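Source file structure_26.csv; content: CSV, C-alpha atoms.
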chain,number,residue,atom,x,y,z
A,1,MET,CA,0.0,0.0,0.0
A,2,ALA,CA,2.8,2.4,0.9
A,3,ALA,CA,4.6,2.8,-2.5
A,4,GLN,CA,8.4,2.5,-2.4
A,5,LEU,CA,10.3,5.3,-4.1
A,6,VAL,CA,12.0,4.2,-7.3
A,7,SER,CA,13.8,6.3,-9.9
A,8,LYS,CA,12.4,6.8,-13.4
A,9,SER,CA,15.2,4.6,-14.9
A,10,GLU,CA,14.6,1.8,-12.4
A,11,ARG,CA,10.8,1.9,-13.0
A,12,ALA,CA,11.4,1.8,-16.8
A,13,TYR,CA,13.8,-1.2,-16.4
A,14,ILE,CA,11.3,-3.1,-14.2
A,15,GLN,CA,8.4,-2.4,-16.6
A,16,ALA,CA,10.5,-3.5,-19.6
A,17,SER,CA,11.5,-6.7,-17.9
A,18,LEU,CA,7.9,-7.6,-16.9
A,19,GLN,CA,6.7,-6.9,-20.5
A,20,ALA,CA,9.6,-8.9,-22.1
A,21,THR,CA,9.1,-12.3,-23.8
A,22,PRO,CA,9.6,-14.3,-21.7
A,23,PRO,CA,8.9,-11.9,-18.7
A,24,LEU,CA,11.7,-11.5,-16.2
A,25,ARG,CA,11.3,-10.8,-12.4
A,26,ALA,CA,14.2,-10.2,-10.0
A,27,ASP,CA,13.5,-13.4,-8.0
A,28,GLY,CA,13.0,-15.6,-11.1
A,29,ARG,CA,9.2,-16.2,-10.6
A,30,GLY,CA,6.7,-16.2,-13.3
A,31,LEU,CA,4.1,-13.4,-13.6
A,32,LEU,CA,1.4,-15.5,-11.8
A,33,ASP,CA,3.6,-17.2,-9.2
A,34,PHE,CA,3.4,-16.4,-5.5
A,35,ARG,CA,6.3,-16.4,-3.1
A,36,THR,CA,6.4,-19.1,-0.4
A,37,VAL,CA,3.5,-18.6,2.0
A,38,LEU,CA,4.0,-19.7,5.6
A,39,LEU,CA,1.0,-20.0,8.0
A,40,GLU,CA,0.5,-21.0,11.6
A,41,THR,CA,-2.7,-20.7,13.6
A,42,GLY,CA,-3.2,-20.6,17.4
A,43,VAL,CA,-0.2,-18.3,18.0
A,44,ALA,CA,-1.9,-16.0,20.5
A,45,PRO,CA,-2.9,-18.1,23.6
A,46,LEU,CA,-5.3,-15.4,25.0
A,47,ALA,CA,-7.2,-14.8,21.8
A,48,ASN,CA,-10.2,-16.7,20.6
A,49,GLY,CA,-8.5,-17.3,17.3
A,50,SER,CA,-5.2,-16.2,15.8
A,51,ALA,CA,-2.8,-16.7,12.9
A,52,ARG,CA,0.6,-15.6,11.7
A,53,LEU,CA,1.3,-15.4,8.0
A,54,ASN,CA,4.4,-14.7,6.1
A,55,ILE,CA,4.9,-14.3,2.3
A,56,GLY,CA,8.5,-14.4,1.0
A,57,LYS,CA,10.5,-15.5,4.0
A,58,MET,CA,12.7,-18.0,2.1
A,59,PRO,CA,16.4,-16.9,1.6
A,60,HIS,CA,16.1,-17.2,-2.2
A,61,GLU,CA,13.2,-14.8,-2.1
A,62,GLY,CA,15.1,-12.1,-0.2
A,63,GLY,CA,14.3,-13.1,3.4
A,64,GLY,CA,12.1,-11.2,5.8
A,65,GLY,CA,9.0,-11.1,3.7
A,66,THR,CA,5.6,-9.6,4.4
A,67,GLU,CA,4.4,-10.8,7.9
A,68,VAL,CA,1.0,-10.2,9.4
A,69,LEU,CA,-0.3,-11.3,12.8
A,70,ALA,CA,-4.1,-11.5,13.1
A,71,ALA,CA,-6.2,-12.3,16.1
A,72,THR,CA,-9.8,-12.3,17.2
A,73,LYS,CA,-11.2,-11.6,20.6
A,74,LEU,CA,-14.8,-11.9,21.8
A,75,GLU,CA,-16.3,-9.5,24.4
A,76,VAL,CA,-19.7,-9.5,26.0
A,77,GLU,CA,-21.9,-6.6,25.2
A,78,ASP,CA,-25.1,-5.6,27.1
A,79,ILE,CA,-27.7,-4.7,24.5
A,80,GLU,CA,-30.1,-3.3,27.1
A,81,LEU,CA,-27.5,-0.7,28.1
A,82,GLY,CA,-27.0,0.3,24.5
A,83,ASP,CA,-23.5,-1.2,24.2
A,84,GLY,CA,-24.1,-3.6,21.3
A,85,ALA,CA,-26.5,-4.8,18.7
A,86,ASP,CA,-28.8,-7.8,18.8
A,87,GLY,CA,-27.1,-10.6,16.9
A,88,GLY,CA,-23.6,-9.3,17.7
A,89,ARG,CA,-21.1,-7.0,16.0
A,90,VAL,CA,-17.9,-7.4,14.0
A,91,VAL,CA,-15.2,-4.7,14.4
A,92,CYS,CA,-11.9,-4.8,12.4
A,93,THR,CA,-8.7,-2.9,13.2
A,94,VAL,CA,-5.4,-2.8,11.4
A,95,SER,CA,-2.2,-1.6,12.9
A,96,CYS,CA,1.2,-1.1,11.2
A,97,SER,CA,4.5,-1.5,13.0
A,98,PRO,CA,6.6,1.6,12.6
A,99,SER,CA,9.6,-0.7,11.9
A,100,ALA,CA,7.8,-2.0,8.8
A,101,TYR,CA,7.5,1.6,7.4
A,102,PRO,CA,10.5,3.5,8.6
A,103,HIS,CA,10.2,5.9,5.7
A,104,LEU,CA,6.7,7.1,6.7
A,105,SER,CA,6.0,9.9,9.0
A,106,PRO,CA,3.6,9.3,11.9
A,107,ASN,CA,0.7,11.0,10.1
A,108,ALA,CA,1.3,9.0,6.9
A,109,LEU,CA,1.4,5.8,9.0
A,110,ASP,CA,-1.9,6.7,10.6
A,111,GLU,CA,-3.4,7.3,7.2
A,112,LEU,CA,-2.1,3.9,6.0
A,113,GLN,CA,-3.6,2.2,9.0
A,114,TYR,CA,-6.9,3.9,8.5
A,115,ASP,CA,-7.0,3.0,4.8
A,116,LEU,CA,-6.3,-0.7,5.5
A,117,THR,CA,-8.8,-0.7,8.4
A,118,VAL,CA,-11.5,0.6,6.1
A,119,ILE,CA,-10.8,-2.0,3.5
A,120,LEU,CA,-11.0,-4.8,6.0
A,121,GLN,CA,-14.0,-3.5,7.9
A,122,GLN,CA,-16.1,-2.9,4.8
A,123,THR,CA,-15.4,-6.4,3.6
A,124,ILE,CA,-15.4,-8.5,6.7
A,125,GLY,CA,-18.1,-6.5,8.4
A,126,HIS,CA,-20.5,-6.8,5.6
A,127,PRO,CA,-24.0,-8.0,6.7
A,128,SER,CA,-23.8,-10.9,4.2
A,129,LEU,CA,-20.9,-12.4,6.1
A,130,HIS,CA,-22.2,-11.8,9.6
A,131,PRO,CA,-21.9,-15.0,11.8
A,132,GLN,CA,-25.1,-16.4,13.2
A,133,ASN,CA,-23.7,-17.6,16.5
A,134,LEU,CA,-22.8,-14.2,18.2
A,135,THR,CA,-26.0,-14.1,20.2
A,136,ILE,CA,-25.8,-15.0,23.9
A,137,ILE,CA,-29.3,-14.0,25.2
A,138,PRO,CA,-31.6,-12.6,22.5
A,139,ARG,CA,-32.2,-8.8,22.9
A,140,LYS,CA,-30.1,-8.8,26.1
A,141,LYS,CA,-26.5,-10.0,25.5
A,142,SER,CA,-24.3,-10.7,22.5
A,143,TRP,CA,-20.7,-11.1,21.5
A,144,LEU,CA,-18.6,-8.3,20.0
A,145,LEU,CA,-16.1,-9.9,17.6
A,146,ASN,CA,-12.9,-7.9,17.5
A,147,VAL,CA,-10.6,-8.7,14.6
A,148,ASP,CA,-7.2,-7.1,15.0
A,149,ALA,CA,-4.4,-7.4,12.5
A,150,VAL,CA,-0.8,-6.1,12.9
A,151,ILE,CA,1.5,-5.7,9.9
A,152,LEU,CA,4.9,-6.6,11.3
A,153,SER,CA,6.9,-6.2,8.1
A,154,ASP,CA,6.1,-5.2,4.5
A,155,ALA,CA,7.8,-6.7,1.5
A,156,GLY,CA,5.0,-6.2,-0.9
A,157,ASN,CA,1.5,-7.7,-1.4
A,158,THR,CA,0.3,-6.5,2.0
A,159,VAL,CA,-3.4,-6.5,1.3
A,160,ASP,CA,-3.4,-10.2,0.1
A,161,ALA,CA,-1.4,-11.2,3.2
A,162,LEU,CA,-3.8,-9.2,5.4
A,163,PHE,CA,-6.9,-11.0,4.1
A,164,LEU,CA,-5.2,-14.4,4.2
A,165,ALA,CA,-4.1,-13.9,7.9
A,166,THR,CA,-7.6,-12.6,8.8
A,167,ARG,CA,-9.4,-15.5,7.2
A,168,ALA,CA,-7.1,-17.9,9.0
A,169,ALA,CA,-7.7,-16.2,12.3
A,170,LEU,CA,-11.5,-16.3,11.8
A,171,TRP,CA,-11.3,-20.0,10.8
A,172,ASP,CA,-9.4,-20.6,14.1
A,173,THR,CA,-12.0,-18.7,16.2
A,174,LYS,CA,-14.0,-20.6,18.7
A,175,VAL,CA,-17.1,-19.1,20.2
A,176,PRO,CA,-17.5,-20.1,23.9
A,177,ARG,CA,-20.6,-22.2,24.5
A,178,THR,CA,-23.1,-20.5,26.8
A,179,ARG,CA,-26.0,-21.7,28.9
A,180,ALA,CA,-28.8,-19.4,30.0
A,181,VAL,CA,-29.3,-19.0,33.7
A,182,GLU,CA,-32.3,-17.7,35.5
A,183,TYR,CA,-32.4,-17.2,39.3
A,184,HIS,CA,-35.5,-18.1,41.3
A,185,THR,CA,-35.9,-17.4,45.0
A,186,PRO,CA,-36.1,-20.9,46.7
A,187,GLU,CA,-39.5,-21.8,48.1
A,188,SER,CA,-39.7,-21.1,51.8
A,189,SER,CA,-40.5,-23.8,54.1
A,190,LYS,CA,-44.0,-23.9,55.6
A,191,GLU,CA,-42.6,-23.0,59.1
A,192,ALA,CA,-40.8,-20.0,57.7
A,193,THR,CA,-44.0,-18.9,55.9
A,194,ASP,CA,-46.0,-19.0,59.1
A,195,SER,CA,-43.4,-17.0,61.1
A,196,ALA,CA,-42.9,-14.3,58.5
A,197,SER,CA,-46.5,-13.3,57.8
A,198,ALA,CA,-45.4,-9.7,56.9
A,199,MET,CA,-43.0,-10.9,54.3
A,200,ASP,CA,-44.0,-11.2,50.6
A,201,VAL,CA,-43.5,-14.8,49.6
A,202,ASP,CA,-43.5,-15.8,45.9
A,203,ASN,CA,-45.5,-19.0,45.9
A,204,ARG,CA,-44.3,-20.4,42.6
A,205,GLU,CA,-45.2,-23.9,41.9
A,206,ALA,CA,-42.9,-24.4,38.9
A,207,VAL,CA,-39.7,-24.2,41.0
A,208,PRO,CA,-39.2,-27.6,42.6
A,209,THR,CA,-35.4,-27.4,42.7
A,210,VAL,CA,-33.4,-26.7,45.8
A,211,SER,CA,-30.5,-24.8,44.2
A,212,GLY,CA,-32.7,-22.0,42.8
A,213,PHE,CA,-30.9,-22.2,39.4
A,214,ASP,CA,-32.9,-23.5,36.5
A,215,THR,CA,-31.1,-23.7,33.1
A,216,ARG,CA,-33.9,-25.4,31.2
A,217,ASP,CA,-35.8,-23.6,28.4
A,218,MET,CA,-35.3,-20.1,29.8
A,219,VAL,CA,-33.8,-18.2,26.9
A,220,ARG,CA,-36.6,-15.6,26.8
A,221,THR,CA,-36.5,-15.0,30.6
A,222,ALA,CA,-32.8,-15.6,31.2
A,223,ALA,CA,-31.1,-13.1,33.4
A,224,ASP,CA,-27.5,-14.1,32.8
A,225,PHE,CA,-25.4,-16.9,31.3
A,226,GLU,CA,-22.6,-19.3,32.3
A,227,LEU,CA,-19.8,-21.0,30.4
A,228,PRO,CA,-19.8,-24.8,30.4
A,229,ASP,CA,-16.3,-26.3,30.3
A,230,TYR,CA,-15.5,-28.3,27.2
A,231,TRP,CA,-12.2,-29.6,25.8
A,232,ASP,CA,-12.7,-27.8,22.4
A,233,GLU,CA,-13.0,-24.4,24.0
A,234,GLY,CA,-16.3,-23.7,22.2
A,235,GLU,CA,-18.0,-24.0,18.8
A,236,VAL,CA,-16.7,-22.9,15.5
A,237,LEU,CA,-17.5,-19.4,14.3
A,238,HIS,CA,-20.3,-19.8,11.8
A,239,GLY,CA,-19.6,-19.0,8.2
A,240,GLN,CA,-16.1,-20.5,7.9
A,241,ASP,CA,-16.5,-21.0,4.1
A,242,LYS,CA,-17.8,-17.4,3.6
A,243,TRP,CA,-14.8,-15.4,4.8
A,244,PRO,CA,-13.2,-13.8,1.7
A,245,ILE,CA,-9.7,-13.7,0.5
A,246,CYS,CA,-8.0,-11.1,-1.6
A,247,VAL,CA,-6.0,-11.4,-4.8
A,248,THR,CA,-4.2,-8.3,-6.1
A,249,LEU,CA,-3.7,-7.9,-9.8
A,250,ASN,CA,-0.8,-5.5,-10.6
A,251,LEU,CA,-1.8,-4.2,-14.0
A,252,LEU,CA,0.9,-3.3,-16.6
A,253,PRO,CA,-0.9,-3.3,-19.9
A,254,PRO,CA,-1.1,-5.5,-21.8
A,255,THR,CA,0.0,-7.9,-19.0
A,256,HIS,CA,-0.6,-8.3,-15.3
A,257,PHE,CA,1.2,-10.1,-12.5
A,258,LEU,CA,0.6,-11.3,-8.9
A,259,ASP,CA,2.4,-11.0,-5.5
A,260,ALA,CA,4.4,-7.9,-6.4
A,261,THR,CA,7.5,-6.9,-4.4
A,262,PRO,CA,7.8,-3.2,-3.4
A,263,PRO,CA,9.7,-2.1,-6.5
A,264,GLU,CA,7.3,-3.9,-8.7
A,265,GLU,CA,4.3,-2.3,-6.9
A,266,ALA,CA,5.9,1.1,-7.5
A,267,SER,CA,6.3,0.3,-11.2
A,268,ALA,CA,2.7,-0.8,-11.8
A,269,PRO,CA,0.4,2.1,-12.7
A,270,VAL,CA,-2.8,0.4,-11.4
A,271,ARG,CA,-3.4,-2.3,-8.8
A,272,MET,CA,-6.8,-4.0,-8.5
A,273,HIS,CA,-7.7,-5.7,-5.2
A,274,LEU,CA,-10.4,-8.3,-5.7
A,275,MET,CA,-12.1,-9.9,-2.6
A,276,PHE,CA,-13.9,-13.1,-3.4
A,277,SER,CA,-16.1,-15.2,-1.1
A,278,PHE,CA,-16.3,-18.9,-1.9
A,279,ALA,CA,-19.3,-19.9,0.2
A,280,SER,CA,-20.7,-21.4,-3.0
A,281,VAL,CA,-18.1,-23.3,-5.0
A,282,VAL,CA,-20.1,-23.1,-8.1
A,283,SER,CA,-20.7,-19.4,-8.1
A,284,PRO,CA,-18.2,-17.4,-5.9
A,285,ARG,CA,-19.2,-13.9,-4.9
A,286,LEU,CA,-17.1,-10.8,-5.6
A,287,GLN,CA,-17.4,-9.3,-2.1
A,288,SER,CA,-15.6,-6.0,-2.8
A,289,MET,CA,-13.2,-4.4,-5.2
A,290,ARG,CA,-10.7,-1.6,-5.0
A,291,LEU,CA,-8.5,0.2,-7.5
A,292,SER,CA,-5.3,2.1,-6.6
A,293,GLY,CA,-2.8,4.0,-8.7
A,294,PRO,CA,-2.9,6.8,-11.2
A,295,GLY,CA,-3.9,4.6,-14.2
A,296,GLU,CA,-7.3,4.0,-15.8
A,297,LEU,CA,-9.3,1.0,-16.8
A,298,GLY,CA,-12.1,0.5,-19.4
A,299,LEU,CA,-15.2,-1.5,-18.6
A,300,THR,CA,-14.2,-4.3,-21.0
A,301,GLN,CA,-10.8,-4.6,-19.4
A,302,LEU,CA,-12.4,-4.5,-15.9
A,303,LYS,CA,-14.6,-7.5,-16.7
A,304,SER,CA,-11.7,-9.4,-18.1
A,305,TYR,CA,-9.5,-8.8,-15.1
A,306,ILE,CA,-12.3,-9.8,-12.7
A,307,SER,CA,-12.7,-13.1,-14.5
A,308,ASP,CA,-9.0,-13.7,-14.3
A,309,GLY,CA,-8.9,-12.7,-10.7
A,310,GLU,CA,-11.6,-15.2,-9.8
A,311,LYS,CA,-9.5,-18.0,-11.3
A,312,TYR,CA,-6.4,-16.9,-9.3
A,313,ALA,CA,-8.4,-16.5,-6.1
A,314,ARG,CA,-9.9,-20.0,-6.4
A,315,GLU,CA,-6.4,-21.5,-6.6
A,316,LEU,CA,-5.3,-19.5,-3.6
A,317,PHE,CA,-8.5,-20.4,-1.7
A,318,ASN,CA,-8.0,-24.1,-2.3
A,319,ALA,CA,-4.4,-24.0,-1.1
A,320,LEU,CA,-5.4,-22.0,2.0
A,321,GLU,CA,-8.3,-24.3,2.7
A,322,THR,CA,-6.0,-27.4,2.7
A,323,LYS,CA,-3.5,-25.7,5.0
A,324,LEU,CA,-6.3,-24.6,7.4
A,325,ARG,CA,-7.8,-28.0,7.7
A,326,GLU,CA,-4.3,-29.4,8.6
A,327,GLU,CA,-3.9,-26.7,11.2
A,328,ASP,CA,-7.4,-27.4,12.5
A,329,ILE,CA,-6.6,-31.1,13.1
A,330,ARG,CA,-3.4,-30.2,14.8
A,331,ARG,CA,-5.0,-27.7,17.1
A,332,ASN,CA,-7.9,-30.0,18.1
A,333,VAL,CA,-5.5,-32.8,19.0
A,334,LYS,CA,-3.4,-30.4,21.2
A,335,ALA,CA,-6.5,-29.0,22.9
A,336,ARG,CA,-8.0,-32.4,23.6
A,337,ASP,CA,-4.7,-33.7,25.1
A,338,ARG,CA,-4.3,-30.5,27.2
A,339,PHE,CA,-7.9,-30.8,28.6
A,340,ALA,CA,-7.3,-34.5,29.5
A,341,LEU,CA,-4.3,-33.5,31.7
A,342,ARG,CA,-6.3,-31.0,33.8

For this file, write the structure as structure tokens.
Amino acid sequence: MAAQLVSKSERAYIQASLQATPPLRADGRGLLDFRTVLLETGVAPLANGSARLNIGKMPHEGGGGTEVLAATKLEVEDIELGDGADGGRVVCTVSCSPSAYPHLSPNALDELQYDLTVILQQTIGHPSLHPQNLTIIPRKKSWLLNVDAVILSDAGNTVDALFLATRAALWDTKVPRTRAVEYHTPESSKEATDSASAMDVDNREAVPTVSGFDTRDMVRTAADFELPDYWDEGEVLHGQDKWPICVTLNLLPPTHFLDATPPEEASAPVRMHLMFSFASVVSPRLQSMRLSGPGELGLTQLKSYISDGEKYARELFNALETKLREEDIRRNVKARDRFALR
């Protein structure tokens, strides 16, 4: 997002190399090849879901790479006090480490963080993607899902890395199971009733329990909730398949390329960010789109690039899905073993 400064001669050299036959890139990749993507989930023990993603960390790719840490945290909101919304809320925040952008002033860094936050919030927070299991007690209490992402280093293709890490963190998120609780005053004994004639006694016949806590069928009249203890730490956040990923097309007519490094990003006149949701394998949905750069695109070109972007996004989605399922199995085994030792 924050363009690296390159000279006119360097820009012309990079553009000529990308448009050559065959095209040439500094790290030897093809135009549509990604750098190595490393992903690990469950890296933040206190979060409800987390993931760390790195693109381009291998030595032959320059080392370092673009690294993003994403985590989710659930908080209880009281709807009756006006703190939240019925059905829950999703709030996204993106922070950038100053060490990742040493050339930016504090004001420019704030603008970059705001820009990335808007992109993520408008996409992830869209009503069509809203999870259905953020309600605790209808019209009383709900979950606030905070999605926080930190860009630790930027070696290009930041938006794609941001959405990949966010999707992985949301996939890893577990919503604590809740059980509604309603408190009834225990029935007083007959002797106590006789000796306290001046006391108002609630003669309810539907409370035969001694404890005074009844957790059966009381969602409508529940006053509070409790958290049962399970080995899996809760249920999966609904809509795992709907969370979108982003693929960025760096346009250099008549060609385009993926996973650009900072000098390549500075040499591309237009970048197109396409966010696709693959809830339906047959007909994926273009969740959002964003153009950046001084260049222009015609409607015919736009449709063609969207079609190409869908194909690239599907390949990226399938690879990420495979990795996430492997991580899910690994995390579940560790959680079950840890619970057994308690």

Considering all atoms listed in the file, return as a PyMOL selection string whatever protein or nucleic-acid residues lie within 6 Å of segment 164-178 of chain A, sequence-local ones (same chain, fewer than 5 positions apart) excluded.
chain A and resi 48-51+53+70-71+226-227+234-237+240+243+245

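Among A:Leu297, A:Ile136, A:Ala108, A:Met272, the residue with the shortest atom-to-atom distance to Glu77 of chain A, counting only C-alpha atoms, is A:Ile136.
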
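Interatomic distance, atom CA of His126 of chain A to atom CA of Ala85 of chain A: 14.5 Å.
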
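Interatomic distance, atom CA of Asn146 of chain A against atom CA of Val91 of chain A: 5.0 Å.
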
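Applying the 12 Å criterion to (-5.7, -19.6, -12.5) in file coordinates and using all atoms listed in the file, one obtains the residues Leu31, Leu32, Asp33, Phe34, Val247, Phe257, Leu258, Tyr305, Ile306, Ser307, Asp308, Gly309, Glu310, Lys311, Tyr312, Ala313, Arg314, Glu315, Leu316, Phe317 and Asn318 of chain A.
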
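Each of A:Asn250, A:Leu74, A:Phe225, A:Arg285 was checked against Ile137 of chain A using all atoms listed in the file; the smallest atom-to-atom distance is that of A:Phe225.
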
With distances taken over only C-alpha atoms, which residue among A:Pro262, A:Gly63, A:Pro253, A:Pro102 lies nearest Gly298 of chain A?
A:Pro253

Need the shell around Pro131 of chain A: protein/DNA/RNA residues with any atom at most 10 Å away, counting only C-alpha atoms. Skip same-chain ones fewer than 4 positions apart. Format as a list in words?
Gly87, Gly88, Arg89, Val90, Gly125, Pro127, Thr135, Leu145, Leu237, His238, Gly239, Gln240, Lys242 and Trp243 of chain A

What does the structure give for the distance between atom CA of Arg290 of chain A and atom CA of Leu274 of chain A, in Å to one decimal?
6.7 Å

Excluding same-chain residues fewer than 2 positions from His60 of chain A, what lies within 10 Å of it counting only C-alpha atoms, as an MDAnalysis selection string?
chainID A and resid 27:28 35 56:58 62:63

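Distance annotation: of A:Val94, A:Ala161, A:Ala266, A:Leu38, the residue with the minimal separation from Gln113 of chain A is A:Val94; atom set is only C-alpha atoms.
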
So that I can see what lies close to segment 7-15 of chain A, please list as a PyMOL selection string the residues with an atom at most 9 Å from it, counting all atoms listed in the file and leaving out residues fewer than 2 positions away in the same chain.
chain A and resi 5+17-20+24-26+252+263-264+266-268

Can you write out the residues you just picked, keeping C-alpha atoms, as an mmCIF file, keeping the file's coordinate frame?
data_model
loop_
_atom_site.group_PDB
_atom_site.id
_atom_site.type_symbol
_atom_site.label_atom_id
_atom_site.label_comp_id
_atom_site.auth_asym_id
_atom_site.auth_seq_id
_atom_site.Cartn_x
_atom_site.Cartn_y
_atom_site.Cartn_z
ATOM 1 C CA LEU A 5 10.300 5.300 -4.100
ATOM 2 C CA SER A 17 11.500 -6.700 -17.900
ATOM 3 C CA LEU A 18 7.900 -7.600 -16.900
ATOM 4 C CA GLN A 19 6.700 -6.900 -20.500
ATOM 5 C CA ALA A 20 9.600 -8.900 -22.100
ATOM 6 C CA LEU A 24 11.700 -11.500 -16.200
ATOM 7 C CA ARG A 25 11.300 -10.800 -12.400
ATOM 8 C CA ALA A 26 14.200 -10.200 -10.000
ATOM 9 C CA LEU A 252 0.900 -3.300 -16.600
ATOM 10 C CA PRO A 263 9.700 -2.100 -6.500
ATOM 11 C CA GLU A 264 7.300 -3.900 -8.700
ATOM 12 C CA ALA A 266 5.900 1.100 -7.500
ATOM 13 C CA SER A 267 6.300 0.300 -11.200
ATOM 14 C CA ALA A 268 2.700 -0.800 -11.800
#

From the options A:Leu320, A:Cys246, A:Asn157, A:Cys96, which residue's atoms come nearest to Glu265 of chain A, counting only C-alpha atoms?
A:Asn157

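For the residues A:Tyr101, A:Thr255, A:Gln301, A:Ser280, ranking by smallest atom-to-atom distance to Thr21 of chain A using all atoms listed in the file places A:Thr255 first.
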
All heavy atoms for segment 267-273 of chain A, written as a tab-separated table (two decimals), keeping the file's coordinate frame, could you do that?
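Just written: result34.tsv:
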chain	number	residue	atom	x	y	z
A	267	SER	N	6.17	0.22	-9.74
A	267	SER	CA	6.30	0.30	-11.20
A	267	SER	C	4.95	0.02	-11.90
A	267	SER	O	4.85	0.24	-13.11
A	267	SER	CB	7.34	-0.69	-11.69
A	267	SER	OG	8.58	-0.44	-11.08
A	268	ALA	N	3.96	-0.48	-11.17
A	268	ALA	CA	2.70	-0.80	-11.80
A	268	ALA	C	1.76	0.42	-11.68
A	268	ALA	O	1.53	0.93	-10.58
A	268	ALA	CB	2.03	-2.00	-11.08
A	269	PRO	N	1.23	0.90	-12.79
A	269	PRO	CA	0.40	2.10	-12.70
A	269	PRO	C	-0.95	1.89	-12.05
A	269	PRO	O	-1.52	2.84	-11.53
A	269	PRO	CB	0.20	2.46	-14.23
A	269	PRO	CG	0.43	1.19	-14.96
A	269	PRO	CD	1.44	0.42	-14.17
A	270	VAL	N	-1.46	0.65	-12.05
A	270	VAL	CA	-2.80	0.40	-11.40
A	270	VAL	C	-2.68	-0.96	-10.70
A	270	VAL	O	-2.08	-1.92	-11.19
A	270	VAL	CB	-3.90	0.30	-12.48
A	270	VAL	CG1	-5.25	0.11	-11.78
A	270	VAL	CG2	-3.94	1.53	-13.35
A	271	ARG	N	-3.29	-1.00	-9.52
A	271	ARG	CA	-3.40	-2.30	-8.80
A	271	ARG	C	-4.91	-2.47	-8.49
A	271	ARG	O	-5.61	-1.56	-8.06
A	271	ARG	CB	-2.64	-2.22	-7.47
A	271	ARG	CG	-1.15	-2.23	-7.66
A	271	ARG	CD	-0.42	-2.54	-6.36
A	271	ARG	NE	-0.72	-1.59	-5.32
A	271	ARG	CZ	-0.10	-0.42	-5.17
A	271	ARG	NH1	0.85	-0.07	-6.03
A	271	ARG	NH2	-0.41	0.39	-4.18
A	272	MET	N	-5.36	-3.68	-8.74
A	272	MET	CA	-6.80	-4.00	-8.50
A	272	MET	C	-6.84	-5.09	-7.42
A	272	MET	O	-6.31	-6.18	-7.57
A	272	MET	CB	-7.39	-4.57	-9.82
A	272	MET	CG	-8.84	-5.02	-9.66
A	272	MET	SD	-9.49	-5.79	-11.15
A	272	MET	CE	-9.61	-4.36	-12.21
A	273	HIS	N	-7.51	-4.73	-6.32
A	273	HIS	CA	-7.70	-5.70	-5.20
A	273	HIS	C	-9.11	-6.27	-5.34
A	273	HIS	O	-10.11	-5.55	-5.29
A	273	HIS	CB	-7.58	-4.95	-3.87
A	273	HIS	CG	-6.31	-4.17	-3.71
A	273	HIS	ND1	-5.08	-4.77	-3.59
A	273	HIS	CD2	-6.08	-2.82	-3.67
A	273	HIS	CE1	-4.15	-3.84	-3.45
A	273	HIS	NE2	-4.73	-2.65	-3.52
